[in-house]
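Peer 1: Input query_19.cif, format and content: mmCIF, C-alpha atoms.
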data_protein
#
loop_
_atom_site.label_atom_id
_atom_site.label_comp_id
_atom_site.auth_asym_id
_atom_site.auth_seq_id
_atom_site.Cartn_x
_atom_site.Cartn_y
_atom_site.Cartn_z
CA MET A 1 0.10 28.55 -127.79
CA SER A 2 -0.28 24.81 -128.15
CA ARG A 3 -1.08 22.67 -125.20
CA VAL A 4 2.31 20.90 -125.36
CA ARG A 5 4.21 24.20 -125.35
CA ARG A 6 2.12 25.37 -122.41
CA VAL A 7 2.98 22.23 -120.40
CA VAL A 8 6.67 22.60 -121.24
CA LEU A 9 6.61 26.22 -120.13
CA ILE A 10 4.90 25.32 -116.83
CA VAL A 11 7.41 22.54 -116.18
CA ALA A 12 10.30 24.90 -116.95
CA CYS A 13 8.91 27.52 -114.59
CA VAL A 14 8.49 24.97 -111.86
CA CYS A 15 12.09 23.76 -112.37
CA VAL A 16 13.35 27.32 -112.20
CA LEU A 17 11.38 27.95 -109.02
CA VAL A 18 12.70 24.73 -107.47
CA LEU A 19 16.25 25.63 -108.50
CA VAL A 20 15.86 29.12 -107.06
CA SER A 21 14.41 27.72 -103.85
CA ILE A 22 17.27 25.22 -103.52
CA THR A 23 19.84 27.91 -104.22
CA TYR A 24 18.23 30.26 -101.71
CA SER A 25 18.10 27.49 -99.11
CA LEU A 26 21.75 26.61 -99.65
CA LEU A 27 22.74 30.23 -99.34
CA GLN A 28 20.82 30.42 -96.06
CA LEU A 29 22.47 27.28 -94.75
CA LEU A 30 25.91 28.57 -95.74
CA GLN A 31 25.48 31.78 -93.77
CA PRO A 32 27.55 31.97 -90.53
CA VAL A 33 25.61 31.46 -87.30
CA GLU A 34 25.01 34.54 -85.20
CA LEU A 35 26.97 33.78 -82.02
CA SER A 36 28.99 36.17 -79.90
CA GLN A 37 30.88 33.32 -78.21
CA PRO A 38 31.25 29.55 -78.59
CA ILE A 39 28.55 27.29 -77.18
CA GLU A 40 28.70 23.61 -76.24
CA LEU A 41 25.72 21.36 -76.89
CA TYR A 42 25.40 18.05 -75.02
CA ILE A 43 23.58 15.24 -76.82
CA SER A 44 22.75 12.20 -74.70
CA HIS A 45 21.65 8.78 -75.92
CA ARG A 46 18.08 9.79 -75.16
CA THR A 47 18.18 13.08 -77.07
CA SER A 48 16.18 13.09 -80.30
CA VAL A 49 17.12 14.98 -83.45
CA SER A 50 14.04 17.13 -82.97
CA ALA A 51 15.16 18.06 -79.45
CA VAL A 52 18.63 19.01 -80.70
CA LEU A 53 17.18 21.23 -83.41
CA THR A 54 14.96 22.88 -80.80
CA GLN A 55 18.05 23.63 -78.71
CA LEU A 56 19.83 25.04 -81.75
CA GLU A 57 16.84 27.21 -82.50
CA HIS A 58 16.83 28.42 -78.89
CA HIS A 59 20.46 29.50 -79.26
CA SER A 60 19.62 31.22 -82.61
CA VAL A 61 21.94 28.84 -84.45
CA ILE A 62 19.28 27.89 -87.02
CA ARG A 63 17.01 30.42 -88.69
CA SER A 64 14.47 28.17 -90.35
CA PRO A 65 13.47 25.07 -88.36
CA ILE A 66 11.69 23.58 -91.39
CA LEU A 67 14.73 24.02 -93.63
CA ALA A 68 17.01 22.63 -90.90
CA ARG A 69 14.84 19.53 -90.53
CA ILE A 70 14.90 18.88 -94.25
CA ALA A 71 18.68 19.33 -94.33
CA VAL A 72 19.17 16.98 -91.36
CA ARG A 73 17.07 14.27 -93.03
CA ILE A 74 19.23 14.50 -96.16
CA ILE A 75 22.47 14.46 -94.12
CA ALA A 76 21.23 11.47 -92.09
CA LEU A 77 20.68 9.45 -95.27
CA GLN A 78 24.39 9.80 -96.02
CA LYS A 79 25.99 9.93 -92.53
CA GLY A 80 23.72 7.60 -90.57
CA THR A 81 22.79 8.22 -86.92
CA MET A 82 23.47 11.38 -84.96
CA GLN A 83 26.53 11.27 -82.70
CA ARG A 84 26.21 11.38 -78.92
CA GLY A 85 28.35 13.66 -76.79
CA THR A 86 29.27 17.33 -76.60
CA ILE A 87 29.59 19.38 -79.77
CA ARG A 88 31.27 22.79 -79.72
CA ILE A 89 29.89 25.46 -82.05
CA GLU A 90 32.20 28.34 -82.86
CA PRO A 91 31.06 31.81 -84.00
CA GLY A 92 31.29 32.12 -87.76
CA THR A 93 30.49 28.45 -88.43
CA SER A 94 27.90 28.00 -91.13
CA GLU A 95 24.52 26.56 -90.28
CA LEU A 96 25.12 23.68 -92.68
CA ALA A 97 28.45 22.86 -91.00
CA VAL A 98 26.72 22.81 -87.61
CA LEU A 99 24.11 20.37 -88.87
CA MET A 100 26.73 18.15 -90.50
CA ASN A 101 28.83 18.19 -87.31
CA LEU A 102 25.93 16.57 -85.48
CA PHE A 103 26.83 13.42 -87.38
CA ALA A 104 30.66 13.75 -87.25
CA LYS A 105 32.34 11.91 -84.38
CA ARG A 106 35.63 13.79 -84.75
CA ASN A 107 33.93 16.97 -83.56
CA LEU A 108 32.89 15.59 -80.17
CA GLN A 109 34.47 17.28 -77.12
CA THR A 110 35.80 14.69 -74.66
CA VAL A 111 37.84 14.94 -71.46
CA THR A 112 39.92 12.39 -69.57
CA VAL A 113 39.27 12.53 -65.84
CA THR A 114 41.01 10.71 -63.00
CA PHE A 115 39.17 10.09 -59.74
CA GLN A 116 41.82 9.00 -57.25
CA GLU A 117 41.52 6.31 -54.61
CA GLY A 118 40.42 7.45 -51.19
CA ILE A 119 38.45 10.57 -52.12
CA THR A 120 34.99 11.41 -50.81
CA LEU A 121 31.72 12.09 -52.59
CA ARG A 122 32.24 15.83 -52.25
CA ARG A 123 35.63 15.57 -53.92
CA TYR A 124 34.05 13.59 -56.76
CA ALA A 125 31.59 16.45 -57.21
CA ASP A 126 34.43 19.00 -57.25
CA ILE A 127 36.37 17.08 -59.91
CA ALA A 128 33.30 16.39 -62.05
CA ALA A 129 32.34 20.06 -62.01
CA GLU A 130 35.87 21.27 -62.74
CA LYS A 131 36.92 18.74 -65.38
CA ILE A 132 33.67 17.65 -67.02
CA GLY A 133 31.54 20.74 -66.54
CA CYS A 134 28.54 19.21 -64.77
CA ASP A 135 26.54 21.03 -62.11
CA LYS A 136 28.14 20.38 -58.70
CA ALA A 137 24.98 21.05 -56.71
CA GLU A 138 23.02 18.68 -58.94
CA PHE A 139 25.74 16.03 -58.58
CA LEU A 140 25.52 16.16 -54.78
CA ARG A 141 21.72 16.30 -54.80
CA ILE A 142 21.53 13.08 -56.81
CA ALA A 143 24.36 11.40 -54.89
CA TYR A 144 22.60 11.98 -51.55
CA SER A 145 19.08 11.27 -52.79
CA ASP A 146 16.96 8.45 -51.35
CA SER A 147 15.75 7.51 -54.82
CA LEU A 148 19.27 6.73 -56.04
CA ARG A 149 20.04 4.49 -53.05
CA THR A 150 16.72 2.70 -53.48
CA ALA A 151 17.31 2.15 -57.19
CA ARG A 152 20.79 0.77 -56.50
CA GLY A 153 19.81 -1.36 -53.51
CA ILE A 154 22.13 0.55 -51.16
CA THR A 155 20.70 0.37 -47.65
CA SER A 156 22.98 2.87 -45.89
CA ALA A 157 22.28 6.57 -45.54
CA THR A 158 24.81 7.47 -48.23
CA ILE A 159 26.46 6.04 -51.35
CA GLU A 160 29.87 7.05 -50.00
CA GLY A 161 32.25 4.25 -50.95
CA TYR A 162 30.25 2.92 -53.92
CA PHE A 163 32.03 4.92 -56.64
CA MET A 164 35.00 3.26 -58.33
CA PRO A 165 38.19 5.33 -58.53
CA ASN A 166 39.65 5.14 -62.03
CA THR A 167 40.54 7.17 -65.10
CA TYR A 168 37.49 7.76 -67.30
CA GLU A 169 36.68 9.49 -70.56
CA PHE A 170 33.53 11.62 -70.56
CA TYR A 171 31.97 13.98 -73.03
CA ARG A 172 32.21 17.57 -71.90
CA ASN A 173 29.11 18.74 -70.02
CA THR A 174 27.91 15.20 -69.40
CA PRO A 175 25.04 15.63 -66.90
CA ALA A 176 25.54 14.57 -63.28
CA HIS A 177 23.19 11.58 -63.40
CA GLU A 178 25.14 9.98 -66.25
CA ILE A 179 28.49 10.49 -64.50
CA ILE A 180 27.15 9.01 -61.27
CA ALA A 181 25.68 6.02 -63.10
CA LYS A 182 29.05 5.32 -64.76
CA LEU A 183 30.95 5.52 -61.46
CA LEU A 184 28.49 3.17 -59.75
CA ASP A 185 28.37 0.73 -62.67
CA GLU A 186 32.17 0.51 -62.68
CA GLN A 187 32.27 -0.66 -59.07
CA ASP A 188 29.30 -3.00 -59.58
CA ALA A 189 31.20 -4.72 -62.38
CA PHE A 190 34.36 -5.01 -60.26
CA TRP A 191 32.43 -6.30 -57.26
CA HIS A 192 30.80 -9.08 -59.30
CA GLU A 193 34.28 -10.00 -60.51
CA VAL A 194 35.93 -10.29 -57.08
CA ALA A 195 33.14 -11.02 -54.57
CA SER A 196 33.77 -14.77 -54.75
CA THR A 197 37.33 -14.29 -53.38
CA ALA A 198 36.03 -13.25 -49.94
CA THR A 199 37.47 -15.05 -46.92
CA THR A 200 35.44 -13.06 -44.36
CA THR A 201 31.79 -13.08 -43.35
CA LEU A 202 31.32 -9.39 -44.20
CA ASN A 203 28.68 -8.32 -46.70
CA ARG A 204 29.38 -5.87 -49.50
CA HIS A 205 28.61 -2.75 -47.47
CA GLN A 206 30.76 -3.90 -44.56
CA THR A 207 33.56 -4.90 -46.93
CA LEU A 208 33.55 -1.49 -48.58
CA THR A 209 33.56 0.17 -45.16
CA LEU A 210 36.60 -1.83 -44.10
CA ALA A 211 38.24 -1.20 -47.48
CA SER A 212 37.77 2.55 -47.09
CA ILE A 213 39.62 2.49 -43.76
CA VAL A 214 42.41 0.43 -45.31
CA GLU A 215 42.59 2.88 -48.22
CA ALA A 216 42.96 5.79 -45.82
CA GLU A 217 45.66 4.06 -43.77
CA THR A 218 48.20 3.13 -46.44
CA PRO A 219 48.98 4.14 -50.04
CA VAL A 220 51.08 0.98 -50.52
CA ASP A 221 49.03 -1.69 -52.27
CA ASP A 222 51.24 -4.57 -51.08
CA GLU A 223 50.64 -3.51 -47.48
CA LYS A 224 46.86 -3.22 -47.71
CA PRO A 225 46.10 -6.93 -46.99
CA ARG A 226 48.22 -6.74 -43.82
CA VAL A 227 46.46 -3.57 -42.62
CA SER A 228 43.14 -5.22 -43.41
CA GLY A 229 44.24 -8.22 -41.37
CA VAL A 230 44.88 -6.02 -38.33
CA TYR A 231 41.36 -4.61 -38.42
CA TRP A 232 39.85 -8.02 -39.12
CA ASN A 233 41.66 -9.40 -36.06
CA ARG A 234 40.27 -6.56 -33.96
CA LEU A 235 36.75 -7.13 -35.26
CA LYS A 236 36.89 -10.85 -34.50
CA SER A 237 38.24 -10.30 -30.99
CA GLY A 238 35.72 -7.58 -30.12
CA MET A 239 38.35 -4.84 -29.83
CA LYS A 240 37.53 -1.32 -30.92
CA LEU A 241 39.02 -0.52 -34.31
CA GLU A 242 40.49 2.80 -33.04
CA ALA A 243 41.07 3.90 -36.63
CA ASP A 244 42.26 7.49 -36.91
CA PRO A 245 40.82 7.95 -40.44
CA THR A 246 37.27 7.46 -39.16
CA VAL A 247 37.75 10.28 -36.67
CA GLN A 248 39.33 12.43 -39.36
CA TYR A 249 36.22 11.78 -41.47
CA ILE A 250 34.06 13.15 -38.66
CA TYR A 251 36.14 16.32 -38.62
CA ASP A 252 35.94 16.61 -42.41
CA ILE A 253 32.14 16.26 -42.59
CA MET A 254 31.61 18.59 -39.65
CA TYR A 255 33.91 21.25 -41.10
CA PRO A 256 33.94 20.60 -44.89
CA HIS A 257 35.42 24.01 -45.75
CA ARG A 258 38.41 23.70 -43.44
CA SER A 259 41.64 22.00 -44.41
CA SER A 260 42.49 18.74 -42.65
CA ARG A 261 44.62 18.99 -39.55
CA ARG A 262 46.44 16.64 -37.21
CA LEU A 263 44.06 14.86 -34.84
CA ARG A 264 44.19 15.77 -31.17
CA PHE A 265 43.40 13.58 -28.17
CA ALA A 266 40.22 15.61 -27.62
CA ASP A 267 39.02 14.57 -31.10
CA LEU A 268 39.07 10.91 -30.04
CA ALA A 269 36.29 11.64 -27.56
CA ILE A 270 33.88 13.15 -30.12
CA GLU A 271 30.39 11.72 -29.71
CA HIS A 272 29.71 10.41 -33.19
CA PRO A 273 28.83 6.98 -34.67
CA TYR A 274 31.94 7.14 -36.89
CA ASN A 275 34.21 7.44 -33.85
CA THR A 276 35.79 3.99 -33.71
CA TYR A 277 37.59 4.98 -30.50
CA LYS A 278 34.20 5.13 -28.73
CA TYR A 279 32.18 2.49 -30.56
CA SER A 280 33.04 -1.11 -31.37
CA GLY A 281 32.71 -2.59 -34.83
CA LEU A 282 32.74 -0.91 -38.19
CA PRO A 283 31.45 2.65 -38.66
CA PRO A 284 28.02 3.04 -40.32
CA ALA A 285 29.37 3.44 -43.86
CA PRO A 286 32.57 3.87 -45.88
CA ILE A 287 34.59 7.03 -45.27
CA ASN A 288 35.87 7.34 -48.85
CA SER A 289 35.92 5.52 -52.17
CA PRO A 290 38.35 2.60 -51.89
CA GLY A 291 40.24 1.41 -54.93
CA ARG A 292 40.62 -2.09 -56.29
CA ALA A 293 43.58 -3.08 -54.10
CA ALA A 294 41.84 -1.95 -50.91
CA ILE A 295 38.63 -3.81 -51.81
CA ARG A 296 40.58 -6.97 -52.56
CA ALA A 297 42.39 -6.58 -49.23
CA ALA A 298 39.11 -6.18 -47.34
CA LEU A 299 37.68 -9.25 -49.06
CA ALA A 300 40.72 -11.37 -48.17
CA PRO A 301 42.68 -9.93 -45.22
CA GLU A 302 46.15 -11.31 -44.60
CA ALA A 303 46.12 -14.00 -41.90
CA HIS A 304 48.48 -13.03 -39.06
CA ASN A 305 48.58 -12.18 -35.34
CA PHE A 306 49.12 -8.43 -35.60
CA TYR A 307 46.75 -6.10 -33.74
CA TYR A 308 48.62 -2.80 -34.01
CA PHE A 309 50.58 -0.76 -36.51
CA VAL A 310 52.20 2.66 -36.74
CA ALA A 311 53.95 4.55 -39.55
CA LYS A 312 57.69 4.02 -39.91
CA LEU A 313 58.37 7.55 -41.23
CA ASP A 314 61.35 6.21 -43.17
CA GLY A 315 60.21 7.42 -46.57
CA THR A 316 58.61 4.12 -47.61
CA HIS A 317 55.06 5.04 -46.50
CA THR A 318 54.89 1.64 -44.80
CA HIS A 319 54.15 0.68 -41.19
CA THR A 320 55.59 -1.30 -38.29
CA PHE A 321 53.19 -4.05 -37.21
CA SER A 322 53.01 -5.39 -33.68
CA ARG A 323 51.37 -8.33 -31.93
CA THR A 324 51.20 -6.90 -28.42
CA SER A 325 50.60 -3.50 -26.88
CA SER A 326 54.12 -3.43 -25.43
CA GLU A 327 55.63 -4.05 -28.89
CA HIS A 328 53.39 -1.33 -30.25
CA GLU A 329 54.46 1.16 -27.58
CA ARG A 330 58.11 0.69 -28.57
CA ALA A 331 57.21 1.22 -32.24
CA VAL A 332 55.24 4.35 -31.33
CA ALA A 333 58.22 5.71 -29.40
CA ILE A 334 60.37 5.32 -32.55
CA PHE A 335 57.63 6.97 -34.60
CA ARG A 336 57.46 9.97 -32.26
CA ALA A 337 61.24 10.38 -32.22
CA ARG A 338 61.37 10.37 -36.02
CA ARG A 339 58.43 12.75 -36.25
CA LYS A 340 60.16 15.17 -33.90
CA ALA A 341 63.47 14.90 -35.76
CA GLN A 342 61.78 15.44 -39.13
CA LYS A 343 59.42 18.13 -37.78
CA ILE A 344 56.43 16.38 -39.32
CA ASP A 345 52.98 17.50 -38.22
CA ILE A 346 51.03 14.22 -38.34
#
Could you render the structure from this file as structure tokens?
Peer 2:
Amino acid sequence: MSRVRRVVLIVACVCVLVLVSITYSLLQLLQPVELSQPIELYISHRTSVSAVLTQLEHHSVIRSPILARIAVRIIALQKGTMQRGTIRIEPGTSELAVLMNLFAKRNLQTVTVTFQEGITLRRYADIAAEKIGCDKAEFLRIAYSDSLRTARGITSATIEGYFMPNTYEFYRNTPAHEIIAKLLDEQDAFWHEVASTATTTLNRHQTLTLASIVEAETPVDDEKPRVSGVYWNRLKSGMKLEADPTVQYIYDIMYPHRSSRRLRFADLAIEHPYNTYKYSGLPPAPINSPGRAAIRAALAPEAHNFYYFVAKLDGTHTHTFSRTSSEHERAVAIFRARRKAQKIDI
């Protein structure tokens, strides 16, 4: 056999072997993954391709890590960067489809979540766990950690009040630390936008504390500046705030697993720094997460001479405001008569 024919034969054999290897590899990649139930894989902005492949290998989604890495490199040349978010892998999906889905944005699992005004940190944790799928215990651990407050420059004992209520879109299974960062960043951005509108001498923490009381007192945005004005008048005059929501907060943190109930006179005597019936000034920290309208109202309270208010109970969710205690007593008498007639337990 001539030398030329020998070289041709070797080249042909090599080509056949390469073709067989490619065919075998493709057949492997086209095999369905061995899953008994769907799994969801979260990919953060810090997750590398290598780390994702390691996770897939751990879940027995890929059989040959070397082959998977070669395939991903080829896919990346065509599709670009790997997507970030949560990818759902169904039983029966081929290994190749799984690898390609890492680069396909349409396959990301997202959820829309609403955190309402006036809810507490623990309620945030409940909603995040239920709707997004994060670990509730981890959420609370981070939220109450000293390191988080230090990193954010929050000097109080808690970050209660520093989350911004809003409707957000998250990837499913987003970890707790990313959710918390988003909620804090949202309020930071809003604060920098509105801080210059302040007409009081309160700092940010004090403003948020006042705003949280306002948020708890009225659901009517147009009324929030007037309610804020009442408490601002009391603060300036040295009166106790005597805000029922702060006492309700004491009850809620002391008995977190019980449903809220109507306050009793005995509750107003509870020895606790949040009891604004016993202690003058603002409580130590916010009692909930105030929304935008409440924060604006705390920054710029309405200027007036009202020192008291009580619910009207006329279906408007608004209040009767009074300048003197005698005016307030008459308004309270109307409130009690309406409450009795309507059999309302508040």
Peer 1: Report, in Å with one decimal, the straight-line distance from atom CA of Thr174 of chain A to atom CA of Arg46 of chain A.
Peer 2: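 About the pair atom CA of Thr174 of chain A and atom CA of Arg46 of chain A: they are 12.6 Å apart.
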Peer 1: When you count all atoms listed in the file, which of these residues is closest to Ile119 of chain A: A:Pro273, A:Pro290, A:Pro175, A:Pro32?
Peer 2: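 Checking each of A:Pro273, A:Pro290, A:Pro175, A:Pro32 against Ile119 of chain A, counting all atoms listed in the file, the winner is A:Pro290.
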Peer 1: Which one of A:Ala151, A:Ile74, A:Gly133, A:Phe265 sits closest to Phe170 of chain A if you count all atoms listed in the file?
Peer 2: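 The shortest atom-to-atom distance to Phe170 of chain A comes from A:Gly133.
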Peer 1: Would you list the residues near (36.3, 19.2, -58.2), meaning any protein, DNA or RNA residue with an atom at most 12 Å from that point in file coordinates, counting all atoms listed in the file, as a PyMOL selection string?
Peer 2: chain A and resi 113-116+119-137+139-140
Peer 1: Please report the interatomic distance between atom CA of Thr110 of chain A and atom CA of Arg172 of chain A in Å with one decimal.
Peer 2: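 Calculated distance between atom CA of Thr110 of chain A and atom CA of Arg172 of chain A is 5.4 Å.
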Peer 1: What is the distance between atom CA of Ala298 of chain A and atom CA of Arg152 of chain A, in Å to one decimal?
Peer 2: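 Computing it gives 21.6 Å between the two atoms.
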Peer 1: Carefully work through the PyMOL selection byres ((chain A and resi 91) around 12) for this structure and note down the residues it includes, as a list in words.
Peer 2: Gln31, Pro32, Val33, Glu34, Leu35, Ser36, Gln37, Pro38, Ile39, Glu40, His59, Ser60, Val61, Arg88, Ile89, Glu90, Gly92, Thr93, Ser94, Glu95, Ala97 and Val98 of chain A
Peer 1: Mind listing as a list in words all residues within 10 Å of (40.9, 7.9, -48.4), counting only C-alpha atoms?
Peer 2: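 Collected hits near the coordinates: Gln116, Glu117, Gly118, Ile119, Thr120, Gly161, Ala211, Ser212, Ile213, Val214, Glu215, Ala216, Glu217, Thr218, Pro219, Pro245, Thr246, Tyr249, Pro286, Ile287, Asn288, Ser289, Pro290 and Gly291 of chain A.
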Peer 1: What's the 9 Å shell around segment 77-84 of chain A, counting all atoms listed in the file, without same-chain residues fewer than 2 positions away, as a ChimeraX atom specification?
Peer 2: /A:42-45,47-49,72-75,86-87,100-105,108,171
Peer 1: For a quick check of understanding, using only C-alpha atoms, which of A:Ile334, A:Leu41, A:Leu99, A:Ile180 has the smallest distance to Pro65 of chain A?
Peer 2: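 Using only C-alpha atoms, Pro65 of chain A sits closest to A:Leu99.
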Peer 1: Given only C-alpha atoms as the basis, pick out the residue of A:Ala300, A:Ala293, A:Val227, A:Ala143 nearest to Ala243 of chain A.
Peer 2: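 Nearest to Ala243 of chain A: A:Val227.
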Peer 1: Given the file above and the PyMOL selection byres ((chain A and resi 297) around 10), which residues are selected, and can you give them as a list in words?
Peer 2: Ala198, Thr207, Leu210, Ala211, Val214, Glu215, Asp221, Asp222, Glu223, Lys224, Pro225, Arg226, Val227, Ser228, Gly229, Arg292, Ala293, Ala294, Ile295, Arg296, Ala298, Leu299, Ala300, Pro301 and Glu302 of chain A
